[in-house]
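Peer 1: One structure is given below, represented as structure tokens, and several questions about it will come after.
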Amino acid sequence: MNWKITESIAVCLMLAAAALPCETLAQGPSRTVRIAAVNSEGGVVTSVDLAVSAGAEAITLYAVHGAVDQGPDMNAWDTIDSVATVPASESELTYNYPVSQPFDAAYRFALASYTLPFKKQLAFIKSDGSQHFILGDKCPNQDWRVTADVSFNYFVSGYAQGYWGARKAARDSAFLCLCEANDKLRFDTAGGTPTYTGTKDRRYQIDQTNQGVPITWDGGSNTVNVSKDAFTSPCPMGLFAVNSNGSATSLNRGRMTLYSFRVWTNRTDSTSLIYDLIPCVKNDDTVTLYNRVDGSFLSPTGTFTYAEADVVTPTVGDFTVVSASALLTGNKRILSSSITQINGVPTGRVSLTTGFETNTVLVAYGAVDGGDDPAHWDNCAILGDVAPDATSFSSALPFAWSKTACYARFFTASQLDLLGDKVLKSSGTQYIVTDYTANSLTRIRARLAFIDTTSQTVVMWSGRESAGVNTFNTLIDSFGGSYIRFDYKNQTSRMFTTPAEGMELHMVAMGGALCRLDDESKTITGATVSDFTAGAPLTFFAMNTAGTINYISCVAFAEVKIWSDYADEASLVRHLVPTVRDGKCGFLDTLEGGKFYPNSAESGNDFEVLYPNLNVLSASDVMCKSGSGLTIFVR
């Protein structure tokens with residue numbers, strides 16, 4: 001059992017009888033709920049005894065549970081169960097809550113009252129171009145911020161439409177989002193009019209301020225810059241329409257699906273939120289938007305409709321929580337660990353609490369302490385699974401103490417099918433310049449994921465003197481489609497259709513005019529193997545043209561191999577893998593005398609290093625090898 005409070009809680013689980021401290025929230029009566037005892041059979045938790053204090057009025061006892069702890073606010077949790085109606089009482093009452101399999105990882109219990117302000121909550125509200133809202137009487141200015149979870153449903157050449165905002169006139173005192181024509185989304189803030197090529201029916205999360213317009217979706221992101229001029233629009237914002245100097249219909253109203261919409265009057269002040277809108281059906285069956293900030297409903301112009309399949313369980317802030325219990329979790333936690341030599345083989349031993357689930361034990365190790373994230377270690381390996389009733393685990397380790405493996409740490413993990421490749425992921429501001437310059441004999445092979453293949457030129461690796469001169473590049477060419485393009489010496493060939501964007505790894509290779517994507521190979525027509533040397537060192541995530549960097553890309557690398565002779569497998573000169581050194585992410589060359597290549601960008605965030613599908617539950621202390629060969633423990 002993985003307790004996230006005090007060590008005494010772990011003792012409570014082992015003894016199955018202890019009173020845990022309660023967490024009483026401000027506001028409301030003084031009634032409290034606490035976990036009185038945890039009941040188990042064979043080390044597996046089966047139920048929880050809850051103690052509820054006396055009170056003058058009846059109240060409802062709820063259980064909330066989910067994959068992770070969402071805190072004492074019931075409204076933040078996805079799953080809410082009603083346990084019992086607790087009557088007014090002069091003495092403490094006890095309730096038993098059964099824990100059934102399969103179960104979630106985190107539980108809390110709360111006393112709360114609940115009133116739904118509308119008839120039904122909807123997953124989304126969708127416009128066909130004949131409806132809109134006007135948002136109050138406040139007029140946008142340069143300090144406003146909007147976040148929207150939306151998809152755009154209708155792109156047609158020559159059909160301009162407005163999704164939200166207000167303006168005096170086109171590109172004048174405007175804060176808006178519209179589609180200029182076809183798929184060109186435009187975001188106006190003051191005089192700035194950044195555009196973005198949108199994809200029909202793709203779900204976007206948009207954050208619009210006067211400091212840039214980040215647009216994100218699963219697996220990718222894009223940011224466009226806007227001006228910071230001072231302005232005030234002459235009218236309130238429209239939603240599903242742009243309010244142009246008081247007219248919400250002077251521009252076609254936007255055909256859009258809206259999941260949520262928030263508005264702040266000050267982009268740097270979280271307390272300035274004036275709209276937090278969710279789709280709903282009122283008691284009079286009007287489909288509209290409910291504002292969680294002040295509990296009001298917007299009045300639509302036109303009629304929205306819905307289907308019963310669009311109805312969802314209410315998640316709005318309508319629970320008034322009186323008291324929430326301490327956290328109860330359902331996974332194993334490491335209590336202690338050690339590494340010993342058994343018949344010359346390093347062996348790890350881990351002591352754990354019991355837990356609801358079978359959990360996986362991992363070991364991470366390397367030349368430096370990688371901290372409490374396995375992705376920041378040089379190596380990570382699965383040791384095995386621990387059954388729910390087991391309190392200890394031991395395994396032979398896949399390494400011996402050495403200069404390159406003198407630190408180690410154990411982890412427990414859940415929801416783990418396979419330990420995925422560690423990947424170096426760019427957000428579009430990072431790149432790596434190596435000390436290797438490609439030539440006519442170079443062969444390179446990489447396993448990578450295409451994070452963003454639609455909004456930009458995506459460069460995997462490059463090195464060139466100029467366009468078409470002494471060039472060794474692989475990139476995505478989006479001209480007339482989306483293709484993987486290979487540049488070799490002075491020849492260019494668009495060989496393969498770009499795979500779907502996301503975190504799935506693909507193999508891409510080139511060398512000797514031969515190009516490859518996964519299991520398919522092609523040859524660059526007209527390319528020869530006559531001598532040439534690329535005009536810049538081999539650079540990853542960006543285009544390097546004689547030292548000039550551009551087209552920085554959103555991709556993720558799991559591994560890169562470079563050969564000095566494309567025909568000789570023994571000529572491997574670089575084997576690059578993601579790692580972290582001295583707090584910087586980059587590529588480590590694993591060959592003898594390997595070198596670390598960090599992020600070369602002078603500004604911007606560092607790379608992200610991660611293991612896909614790795615859900616870490618707990619970590620042991622760090623272990624390292626002392627000079628005498630004994631194991632010592634460090635915090």
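Ordered as shown in the structure tokens, chains take letters A, B, and onward, while each chain numbers its residues from 1 and ligands are numbered from 1 in the order shown.
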Residues of region 406-523 of chain A classed as strand (DSSP E or B) by DSSP on the backbone are to be reported as a ChimeraX atom specification.

Peer 2: /A:407-414,423-425,432-433,439,443-450,458-462,464-466,469-477,483-489,491-497,505-511,514-517,520-523

Peer 1: Val433 (chain A): which residues within 8 Å, counting only C-alpha atoms, same-chain residues fewer than 3 positions away excluded, as a PDB file with N, CA and C atoms, in the first residue's frame?

Peer 2:
ATOM      1  N   PRO A 537      28.306  20.463 -39.672  1.00  0.00           N
ATOM      2  CA  PRO A 537      28.269  19.238 -38.868  1.00  0.00           C
ATOM      3  C   PRO A 537      26.851  18.672 -38.788  1.00  0.00           C
ATOM      4  N   LEU A 538      26.765  17.375 -38.617  1.00  0.00           N
ATOM      5  CA  LEU A 538      25.481  16.711 -38.506  1.00  0.00           C
ATOM      6  C   LEU A 538      24.699  17.285 -37.322  1.00  0.00           C
ATOM      7  N   THR A 539      23.489  17.748 -37.603  1.00  0.00           N
ATOM      8  CA  THR A 539      22.649  18.434 -36.613  1.00  0.00           C
ATOM      9  C   THR A 539      21.301  17.747 -36.560  1.00  0.00           C
ATOM     10  N   PHE A 540      20.798  17.531 -35.343  1.00  0.00           N
ATOM     11  CA  PHE A 540      19.519  16.864 -35.150  1.00  0.00           C
ATOM     12  C   PHE A 540      18.471  17.871 -34.673  1.00  0.00           C
ATOM     13  N   TYR A 597      26.432  15.028 -26.064  1.00  0.00           N
ATOM     14  CA  TYR A 597      26.062  16.167 -26.902  1.00  0.00           C
ATOM     15  C   TYR A 597      24.810  16.814 -26.310  1.00  0.00           C
ATOM     16  N   SER A 600      21.904  22.389 -27.925  1.00  0.00           N
ATOM     17  CA  SER A 600      22.750  23.460 -28.455  1.00  0.00           C
ATOM     18  C   SER A 600      22.060  24.813 -28.460  1.00  0.00           C
TER      19      SER A 600
END

Peer 1: So that I can see what lies close to region 156-164 of chain A, please list as a compact mmCIF listing (two decimals) with C-alpha atoms, in the first residue's frame the residues with an atom at most 7 Å from it, counting only C-alpha atoms and leaving out residues fewer than 3 positions away in the same chain.

Peer 2:
# COMPACT_ATOMS: atom_id res chain seq x y z
CA LEU A 176 -10.50 37.18 -31.81
CA CYS A 177 -10.19 33.82 -33.52
CA LEU A 178 -11.55 33.36 -37.00
CA CYS A 179 -11.03 31.38 -40.19
CA GLU A 180 -10.03 33.69 -43.03
CA ALA A 181 -10.64 31.22 -45.85
CA ASN A 182 -10.39 27.49 -46.27
CA MET A 237 -16.91 39.27 -27.13
CA GLY A 238 -19.03 36.98 -29.24
CA LEU A 239 -18.74 33.20 -28.95
CA PHE A 240 -19.41 31.12 -32.09
CA ALA A 241 -19.22 34.57 -33.70
CA VAL A 242 -16.99 37.65 -33.82
CA LEU A 251 -19.11 37.85 -40.47
CA ASN A 252 -20.28 34.25 -40.92
CA ARG A 253 -20.80 32.61 -37.54
CA GLY A 254 -18.34 29.84 -36.76

Peer 1: Quick one: pull the distance between CA of Thr360 (chain A) and CA of Thr579 (chain A), Å, one decimal.

Peer 2: 22.7 Å
